[in-house]
$ cat data_19.txt   # compact mmCIF, N, CA and C atoms
# COMPACT_ATOMS: atom_id res chain seq x y z
N HIS A 4 13.13 12.94 -8.01
CA HIS A 4 11.84 12.40 -8.39
C HIS A 4 11.85 10.88 -8.21
N VAL A 5 10.79 10.34 -7.61
CA VAL A 5 10.68 8.91 -7.36
C VAL A 5 9.54 8.35 -8.20
N GLN A 6 9.83 7.34 -8.97
CA GLN A 6 8.79 6.64 -9.73
C GLN A 6 8.43 5.36 -8.99
N LEU A 7 7.13 5.09 -8.91
CA LEU A 7 6.62 3.94 -8.19
C LEU A 7 5.84 3.04 -9.13
N VAL A 8 6.08 1.76 -9.04
CA VAL A 8 5.37 0.79 -9.87
C VAL A 8 4.76 -0.28 -8.97
N GLU A 9 3.44 -0.37 -9.00
CA GLU A 9 2.74 -1.39 -8.22
C GLU A 9 2.50 -2.64 -9.07
N SER A 10 2.38 -3.75 -8.39
CA SER A 10 2.01 -5.00 -9.06
C SER A 10 1.37 -5.92 -8.03
N GLY A 11 0.77 -7.00 -8.51
CA GLY A 11 0.23 -8.00 -7.61
C GLY A 11 -1.27 -8.00 -7.46
N GLY A 12 -1.94 -7.03 -8.06
CA GLY A 12 -3.39 -7.02 -7.97
C GLY A 12 -4.01 -8.15 -8.76
N GLY A 13 -5.30 -8.33 -8.57
CA GLY A 13 -6.01 -9.38 -9.31
C GLY A 13 -7.37 -9.61 -8.72
N SER A 14 -7.97 -10.72 -9.14
CA SER A 14 -9.30 -11.09 -8.67
C SER A 14 -9.18 -12.30 -7.75
N VAL A 15 -9.83 -12.19 -6.59
CA VAL A 15 -9.81 -13.29 -5.63
C VAL A 15 -11.21 -13.47 -5.06
N GLN A 16 -11.42 -14.61 -4.46
CA GLN A 16 -12.70 -14.87 -3.79
C GLN A 16 -12.63 -14.35 -2.35
N THR A 17 -13.79 -14.15 -1.79
CA THR A 17 -13.89 -13.72 -0.39
C THR A 17 -13.12 -14.69 0.50
N GLY A 18 -12.32 -14.11 1.39
CA GLY A 18 -11.50 -14.92 2.27
C GLY A 18 -10.11 -15.20 1.74
N GLY A 19 -9.86 -14.83 0.51
CA GLY A 19 -8.58 -15.08 -0.12
C GLY A 19 -7.52 -14.06 0.28
N SER A 20 -6.34 -14.24 -0.30
CA SER A 20 -5.20 -13.38 0.02
C SER A 20 -4.52 -12.90 -1.25
N LEU A 21 -3.87 -11.76 -1.12
CA LEU A 21 -3.04 -11.21 -2.20
C LEU A 21 -1.87 -10.48 -1.58
N ARG A 22 -0.78 -10.39 -2.33
CA ARG A 22 0.34 -9.57 -1.91
C ARG A 22 0.64 -8.56 -3.00
N LEU A 23 0.55 -7.30 -2.64
CA LEU A 23 0.89 -6.22 -3.56
C LEU A 23 2.33 -5.81 -3.35
N SER A 24 2.96 -5.40 -4.44
CA SER A 24 4.33 -4.91 -4.38
C SER A 24 4.40 -3.50 -4.95
N CYS A 25 5.29 -2.71 -4.41
CA CYS A 25 5.52 -1.36 -4.92
C CYS A 25 7.03 -1.15 -4.96
N THR A 26 7.56 -1.02 -6.16
CA THR A 26 8.98 -0.82 -6.32
C THR A 26 9.28 0.62 -6.70
N ALA A 27 10.17 1.23 -5.95
CA ALA A 27 10.56 2.61 -6.20
C ALA A 27 11.80 2.66 -7.08
N SER A 28 11.92 3.73 -7.85
CA SER A 28 13.05 3.89 -8.77
C SER A 28 14.34 4.21 -8.03
N THR A 29 14.20 4.62 -6.77
CA THR A 29 15.36 4.93 -5.96
C THR A 29 15.02 4.63 -4.51
N SER A 30 16.01 4.57 -3.66
CA SER A 30 15.73 4.28 -2.25
C SER A 30 14.97 5.44 -1.63
N THR A 31 14.06 5.10 -0.74
CA THR A 31 13.27 6.12 -0.06
C THR A 31 13.90 6.40 1.30
N ARG A 32 13.86 7.65 1.69
CA ARG A 32 14.48 8.02 2.96
C ARG A 32 13.51 7.97 4.12
N ASN A 33 12.26 8.25 3.83
CA ASN A 33 11.32 8.46 4.92
C ASN A 33 10.24 7.39 5.05
N CYS A 34 9.45 7.21 4.00
CA CYS A 34 8.31 6.32 4.15
C CYS A 34 7.76 5.86 2.82
N MET A 35 7.00 4.79 2.90
CA MET A 35 6.17 4.32 1.79
C MET A 35 4.82 3.93 2.37
N GLY A 36 3.78 4.15 1.60
CA GLY A 36 2.44 3.85 2.11
C GLY A 36 1.56 3.26 1.04
N TRP A 37 0.41 2.76 1.50
CA TRP A 37 -0.59 2.19 0.60
C TRP A 37 -1.93 2.86 0.81
N PHE A 38 -2.61 3.11 -0.28
CA PHE A 38 -3.94 3.71 -0.30
C PHE A 38 -4.83 2.88 -1.21
N ARG A 39 -6.11 3.12 -1.13
CA ARG A 39 -7.03 2.52 -2.09
C ARG A 39 -8.17 3.48 -2.38
N GLN A 40 -8.77 3.28 -3.54
CA GLN A 40 -9.92 4.09 -3.92
C GLN A 40 -10.92 3.20 -4.62
N ALA A 41 -12.09 3.09 -4.01
CA ALA A 41 -13.18 2.32 -4.61
C ALA A 41 -14.01 3.24 -5.49
N PRO A 42 -14.73 2.68 -6.45
CA PRO A 42 -15.55 3.51 -7.32
C PRO A 42 -16.53 4.37 -6.53
N GLY A 43 -16.53 5.66 -6.83
CA GLY A 43 -17.45 6.58 -6.18
C GLY A 43 -17.05 7.00 -4.78
N LYS A 44 -15.86 6.59 -4.34
CA LYS A 44 -15.41 6.94 -2.99
C LYS A 44 -14.09 7.68 -3.06
N GLY A 45 -13.73 8.31 -1.97
CA GLY A 45 -12.46 9.02 -1.89
C GLY A 45 -11.31 8.07 -1.64
N ARG A 46 -10.11 8.60 -1.77
CA ARG A 46 -8.93 7.79 -1.51
C ARG A 46 -8.78 7.57 -0.01
N GLU A 47 -8.50 6.32 0.35
CA GLU A 47 -8.41 5.91 1.75
C GLU A 47 -6.99 5.45 2.06
N GLY A 48 -6.38 6.04 3.07
CA GLY A 48 -5.07 5.58 3.52
C GLY A 48 -5.20 4.29 4.29
N LEU A 49 -4.30 3.34 4.02
CA LEU A 49 -4.39 2.02 4.62
C LEU A 49 -3.23 1.72 5.58
N ALA A 50 -2.01 1.99 5.13
CA ALA A 50 -0.85 1.58 5.91
C ALA A 50 0.36 2.39 5.48
N VAL A 51 1.27 2.58 6.41
CA VAL A 51 2.52 3.27 6.13
C VAL A 51 3.64 2.56 6.86
N ILE A 52 4.82 2.52 6.21
CA ILE A 52 6.01 1.99 6.86
C ILE A 52 7.10 3.05 6.78
N PHE A 53 7.76 3.27 7.91
CA PHE A 53 8.79 4.28 7.99
C PHE A 53 10.14 3.61 7.70
N THR A 54 10.80 4.12 6.68
CA THR A 54 11.93 3.43 6.08
C THR A 54 13.03 3.12 7.07
N ARG A 55 13.46 4.09 7.86
CA ARG A 55 14.62 3.88 8.72
C ARG A 55 14.32 2.94 9.87
N ARG A 56 13.17 3.18 10.55
CA ARG A 56 12.90 2.39 11.75
C ARG A 56 12.19 1.08 11.41
N GLY A 57 11.48 1.07 10.30
CA GLY A 57 10.74 -0.12 9.92
C GLY A 57 9.42 -0.30 10.64
N ASP A 58 9.02 0.68 11.43
CA ASP A 58 7.74 0.54 12.12
C ASP A 58 6.61 0.93 11.17
N ALA A 59 5.42 0.49 11.51
CA ALA A 59 4.28 0.64 10.61
C ALA A 59 3.04 1.10 11.37
N MET A 60 2.14 1.70 10.63
CA MET A 60 0.85 2.10 11.17
C MET A 60 -0.23 1.68 10.19
N TYR A 61 -1.42 1.41 10.73
CA TYR A 61 -2.52 0.91 9.91
C TYR A 61 -3.82 1.65 10.18
N ALA A 62 -4.63 1.71 9.16
CA ALA A 62 -6.00 2.19 9.35
C ALA A 62 -6.80 1.12 10.08
N ASP A 63 -7.78 1.57 10.84
CA ASP A 63 -8.62 0.62 11.59
C ASP A 63 -9.28 -0.39 10.68
N SER A 64 -9.62 0.05 9.47
CA SER A 64 -10.37 -0.81 8.56
C SER A 64 -9.59 -2.03 8.10
N VAL A 65 -8.25 -1.99 8.22
CA VAL A 65 -7.44 -3.10 7.72
C VAL A 65 -6.52 -3.70 8.78
N GLU A 66 -6.42 -3.07 9.93
CA GLU A 66 -5.50 -3.59 10.95
C GLU A 66 -5.88 -5.01 11.33
N GLY A 67 -4.87 -5.87 11.37
CA GLY A 67 -5.11 -7.26 11.70
C GLY A 67 -5.30 -8.14 10.47
N ARG A 68 -5.61 -7.53 9.33
CA ARG A 68 -5.77 -8.30 8.09
C ARG A 68 -4.68 -7.97 7.07
N PHE A 69 -4.22 -6.73 7.07
CA PHE A 69 -3.19 -6.29 6.12
C PHE A 69 -1.88 -6.08 6.86
N THR A 70 -0.77 -6.39 6.19
CA THR A 70 0.55 -6.18 6.76
C THR A 70 1.44 -5.51 5.73
N ILE A 71 2.05 -4.40 6.13
CA ILE A 71 2.98 -3.70 5.25
C ILE A 71 4.40 -4.09 5.67
N SER A 72 5.26 -4.26 4.68
CA SER A 72 6.65 -4.59 4.96
C SER A 72 7.52 -3.97 3.87
N GLN A 73 8.82 -4.05 4.05
CA GLN A 73 9.71 -3.46 3.06
C GLN A 73 10.96 -4.32 2.87
N ASP A 74 11.51 -4.22 1.69
CA ASP A 74 12.80 -4.81 1.39
C ASP A 74 13.66 -3.65 0.87
N LYS A 75 14.49 -3.12 1.75
CA LYS A 75 15.27 -1.94 1.39
C LYS A 75 16.21 -2.21 0.24
N ALA A 76 16.74 -3.40 0.19
CA ALA A 76 17.69 -3.75 -0.88
C ALA A 76 17.04 -3.69 -2.25
N LYS A 77 15.73 -3.90 -2.28
CA LYS A 77 14.99 -3.89 -3.55
C LYS A 77 14.18 -2.62 -3.73
N ASN A 78 14.28 -1.69 -2.79
CA ASN A 78 13.47 -0.45 -2.84
C ASN A 78 11.99 -0.78 -3.00
N THR A 79 11.54 -1.79 -2.30
CA THR A 79 10.19 -2.31 -2.50
C THR A 79 9.43 -2.38 -1.18
N ALA A 80 8.18 -1.97 -1.24
CA ALA A 80 7.25 -2.15 -0.13
C ALA A 80 6.18 -3.14 -0.56
N TYR A 81 5.72 -3.90 0.41
CA TYR A 81 4.70 -4.91 0.14
C TYR A 81 3.48 -4.63 1.00
N LEU A 82 2.33 -5.08 0.49
CA LEU A 82 1.12 -5.07 1.29
C LEU A 82 0.53 -6.47 1.21
N GLU A 83 0.67 -7.20 2.29
CA GLU A 83 0.11 -8.55 2.37
C GLU A 83 -1.33 -8.42 2.86
N MET A 84 -2.26 -8.91 2.07
CA MET A 84 -3.69 -8.77 2.40
C MET A 84 -4.30 -10.16 2.56
N ARG A 85 -4.94 -10.40 3.66
CA ARG A 85 -5.60 -11.69 3.88
C ARG A 85 -7.03 -11.46 4.31
N ASP A 86 -7.81 -12.55 4.28
CA ASP A 86 -9.23 -12.48 4.65
C ASP A 86 -9.93 -11.36 3.88
N LEU A 87 -9.69 -11.34 2.59
CA LEU A 87 -10.24 -10.27 1.77
C LEU A 87 -11.75 -10.36 1.67
N ARG A 88 -12.37 -9.18 1.59
CA ARG A 88 -13.82 -9.05 1.56
C ARG A 88 -14.24 -8.26 0.33
N PRO A 89 -15.48 -8.39 -0.11
CA PRO A 89 -15.91 -7.62 -1.27
C PRO A 89 -15.69 -6.11 -1.10
N GLU A 90 -15.79 -5.61 0.11
CA GLU A 90 -15.59 -4.18 0.34
C GLU A 90 -14.13 -3.76 0.22
N ASP A 91 -13.23 -4.72 0.06
CA ASP A 91 -11.83 -4.39 -0.20
C ASP A 91 -11.59 -4.13 -1.69
N THR A 92 -12.58 -4.36 -2.51
CA THR A 92 -12.44 -4.12 -3.94
C THR A 92 -12.16 -2.64 -4.20
N ALA A 93 -11.07 -2.37 -4.88
CA ALA A 93 -10.65 -0.99 -5.13
C ALA A 93 -9.40 -0.98 -5.99
N MET A 94 -9.04 0.21 -6.44
CA MET A 94 -7.72 0.42 -7.02
C MET A 94 -6.78 0.74 -5.87
N TYR A 95 -5.66 0.05 -5.81
CA TYR A 95 -4.70 0.23 -4.73
C TYR A 95 -3.49 0.99 -5.25
N TYR A 96 -3.10 2.01 -4.50
CA TYR A 96 -2.00 2.88 -4.90
C TYR A 96 -0.89 2.88 -3.85
N CYS A 97 0.30 2.98 -4.34
CA CYS A 97 1.47 3.13 -3.49
C CYS A 97 1.85 4.61 -3.45
N ALA A 98 2.37 5.04 -2.31
CA ALA A 98 2.83 6.41 -2.14
C ALA A 98 4.20 6.40 -1.49
N ALA A 99 4.95 7.46 -1.70
CA ALA A 99 6.28 7.54 -1.09
C ALA A 99 6.64 8.98 -0.75
N GLU A 100 7.38 9.09 0.34
CA GLU A 100 8.01 10.35 0.75
C GLU A 100 7.05 11.51 0.94
N GLY A 101 5.81 11.20 1.27
CA GLY A 101 4.85 12.27 1.50
C GLY A 101 4.85 12.71 2.95
N LEU A 102 4.28 13.88 3.20
CA LEU A 102 4.20 14.40 4.56
C LEU A 102 2.79 14.30 5.12
N GLU A 103 1.87 13.86 4.30
CA GLU A 103 0.49 13.69 4.77
C GLU A 103 0.34 12.31 5.40
N ALA A 104 -0.82 12.05 5.93
CA ALA A 104 -1.08 10.76 6.57
C ALA A 104 -0.79 9.61 5.63
N TYR A 105 -0.24 8.54 6.16
CA TYR A 105 0.08 7.34 5.40
C TYR A 105 1.04 7.63 4.25
N CYS A 106 1.86 8.65 4.40
CA CYS A 106 2.92 8.98 3.44
C CYS A 106 2.39 9.55 2.13
N GLY A 107 1.17 10.03 2.15
CA GLY A 107 0.60 10.58 0.94
C GLY A 107 1.06 12.00 0.67
N GLY A 108 0.71 12.47 -0.52
CA GLY A 108 0.93 13.87 -0.85
C GLY A 108 2.16 14.18 -1.66
N ASN A 109 2.91 13.14 -2.06
CA ASN A 109 4.12 13.43 -2.83
C ASN A 109 4.17 12.55 -4.08
N TYR A 110 4.76 11.38 -3.99
CA TYR A 110 4.87 10.51 -5.15
C TYR A 110 3.82 9.41 -5.10
N TRP A 111 3.26 9.08 -6.28
CA TRP A 111 2.22 8.07 -6.39
C TRP A 111 2.51 7.10 -7.53
N GLY A 112 2.09 5.87 -7.32
CA GLY A 112 2.14 4.91 -8.40
C GLY A 112 0.89 5.00 -9.26
N GLN A 113 0.83 4.16 -10.27
CA GLN A 113 -0.30 4.21 -11.21
C GLN A 113 -1.49 3.38 -10.72
N GLY A 114 -1.28 2.55 -9.74
CA GLY A 114 -2.36 1.76 -9.16
C GLY A 114 -2.42 0.34 -9.69
N THR A 115 -2.96 -0.54 -8.88
CA THR A 115 -3.21 -1.92 -9.27
C THR A 115 -4.58 -2.32 -8.73
N GLN A 116 -5.37 -2.96 -9.58
CA GLN A 116 -6.75 -3.26 -9.23
C GLN A 116 -6.86 -4.55 -8.41
N VAL A 117 -7.65 -4.47 -7.36
CA VAL A 117 -7.98 -5.65 -6.55
C VAL A 117 -9.49 -5.81 -6.58
N THR A 118 -9.94 -7.00 -6.96
CA THR A 118 -11.37 -7.30 -7.02
C THR A 118 -11.64 -8.54 -6.19
N VAL A 119 -12.56 -8.41 -5.24
CA VAL A 119 -12.91 -9.52 -4.35
C VAL A 119 -14.39 -9.85 -4.57
N SER A 120 -14.66 -11.09 -4.89
CA SER A 120 -16.06 -11.48 -5.15
C SER A 120 -16.41 -12.75 -4.39

$ encode --input "data_19.txt" --output "structure tokens"
Amino acid sequence: HVQLVESGGGSVQTGGSLRLSCTASTSTRNCMGWFRQAPGKGREGLAVIFTRRGDAMYADSVEGRFTISQDKAKNTAYLEMRDLRPEDTAMYYCAAEGLEAYCGGNYWGQGTQVTVS
């Protein structure tokens, strides 16, 4: 069982930046990903990083603005977000070791709120 803890959310102005962190209770073998869910909307996959190779994939909605990275020594994945927009406002969740798109479907964190105004 993998426990995930996100941090780094907050309130920023349009055009600002934030870095989210997701620390796992143990090393991940396959992947870690980031999702978000805005009020009244479904959960949206944003980015995934594959643990061994370190390569990443992004949703069209965030490619070029968001960057996912990992620090294996710390069992931590990061989501660097820049040029934030009001439509980026959502609860952001970390996922790990899932088989669905963006590493979803298995372990989830509790979420961290991002508000852009």

$ residues_near_point --input "data_19.txt" --point "(-13.9, -8.9, -1.5)" --cutoff "9 Å" --atoms "only C-alpha atoms" --output "ChimeraX atom specification"
/A:14-19,86-92,117-120

$ closest_residue --input "data_19.txt" --among "A:Gly112, A:Asp58, A:Ala98, A:Arg85" --to "Met35 of chain A" --atoms "only N, CA and C atoms"
A:Ala98

$ select_by_dssp --input "data_19.txt" --residues "segment 43-97 of chain A" --states "strand (DSSP E or B)" --output "list of chain:residue names"
A:Glu47, A:Gly48, A:Leu49, A:Ala50, A:Val51, A:Ile52, A:Phe53, A:Ala59, A:Met60, A:Tyr61, A:Glu66, A:Phe69, A:Thr70, A:Ile71, A:Ser72, A:Gln73, A:Asp74, A:Thr79, A:Ala80, A:Tyr81, A:Leu82, A:Glu83, A:Met84, A:Ala93, A:Met94, A:Tyr95, A:Tyr96, A:Cys97

$ residues_around --input "data_19.txt" --residues "Tyr110 of chain A" --least-positions-apart "6" --cutoff "8 Å" --atoms "all atoms listed in the file" --output "tab-separated table (two decimals) with N, CA and C atoms, in the frame of the given file"
chain	number	residue	atom	x	y	z
A	4	HIS	N	13.13	12.94	-8.01
A	4	HIS	CA	11.84	12.40	-8.39
A	4	HIS	C	11.85	10.88	-8.21
A	5	VAL	N	10.79	10.34	-7.61
A	5	VAL	CA	10.68	8.91	-7.36
A	5	VAL	C	9.54	8.35	-8.20
A	6	GLN	N	9.83	7.34	-8.97
A	6	GLN	CA	8.79	6.64	-9.73
A	6	GLN	C	8.43	5.36	-8.99
A	7	LEU	N	7.13	5.09	-8.91
A	7	LEU	CA	6.62	3.94	-8.19
A	7	LEU	C	5.84	3.04	-9.13
A	97	CYS	N	0.30	2.98	-4.34
A	97	CYS	CA	1.47	3.13	-3.49
A	97	CYS	C	1.85	4.61	-3.45
A	98	ALA	N	2.37	5.04	-2.31
A	98	ALA	CA	2.83	6.41	-2.14
A	98	ALA	C	4.20	6.40	-1.49
A	99	ALA	N	4.95	7.46	-1.70
A	99	ALA	CA	6.28	7.54	-1.09
A	99	ALA	C	6.64	8.98	-0.75
A	100	GLU	N	7.38	9.09	0.34
A	100	GLU	CA	8.01	10.35	0.75
A	100	GLU	C	7.05	11.51	0.94
A	101	GLY	N	5.81	11.20	1.27
A	101	GLY	CA	4.85	12.27	1.50
A	101	GLY	C	4.85	12.71	2.95
A	102	LEU	N	4.28	13.88	3.20
A	102	LEU	CA	4.20	14.40	4.56
A	102	LEU	C	2.79	14.30	5.12

$ atom_distance --input "data_19.txt" --atom1 "atom N of Gly48 of chain A" --atom2 "atom C of Ser30 of chain A"
21.9 Å

$ residues_around --input "data_19.txt" --residues "segment 69-82 of chain A" --least-positions-apart "3" --cutoff "7 Å" --atoms "all atoms listed in the file" --output "list in words"
Leu21, Arg22, Leu23, Ser24, Cys25, Thr26, Ala27, Ser28, Thr29, Ser30, Thr31, Met35, Ala50, Val51, Ile52, Ala59, Val65, Glu66 and Arg85 of chain A

$ closest_residue --input "data_19.txt" --among "A:Ser10, A:Asn33, A:Thr115, A:Asn109" --to "Arg56 of chain A" --atoms "only C-alpha atoms"
A:Asn33

$ closest_residue --input "data_19.txt" --among "A:Gly36, A:Gly114, A:Gly107, A:Pro42" --to "Tyr61 of chain A" --atoms "only C-alpha atoms"
A:Gly36

$ atom_distance --input "data_19.txt" --atom1 "atom CA of Arg68 of chain A" --atom2 "atom N of Glu83 of chain A"
8.7 Å

$ atom_distance --input "data_19.txt" --atom1 "atom C of Ala41 of chain A" --atom2 "atom C of Met94 of chain A"
7.7 Å

$ decode --input "data_19.txt" --residues "segment 99-113 of chain A" --atoms "C-alpha atoms" --output "compact mmCIF listing (two decimals), in the first residue's frame"
# COMPACT_ATOMS: atom_id res chain seq x y z
CA ALA A 99 0.66 6.44 -8.12
CA GLU A 100 1.09 2.99 -9.61
CA GLY A 101 -2.16 3.04 -11.52
CA LEU A 102 -2.83 1.34 -14.84
CA GLU A 103 -5.26 3.93 -16.14
CA ALA A 104 -4.31 7.07 -18.02
CA TYR A 105 -1.94 9.40 -16.18
CA CYS A 106 -1.26 6.66 -13.61
CA GLY A 107 -4.73 6.80 -12.16
CA GLY A 108 -6.83 4.04 -10.72
CA ASN A 109 -4.76 2.85 -7.80
CA TYR A 110 -3.34 5.08 -5.06
CA TRP A 111 -4.49 8.67 -4.48
CA GLY A 112 -3.50 11.52 -2.26
CA GLN A 113 -5.93 13.68 -0.32
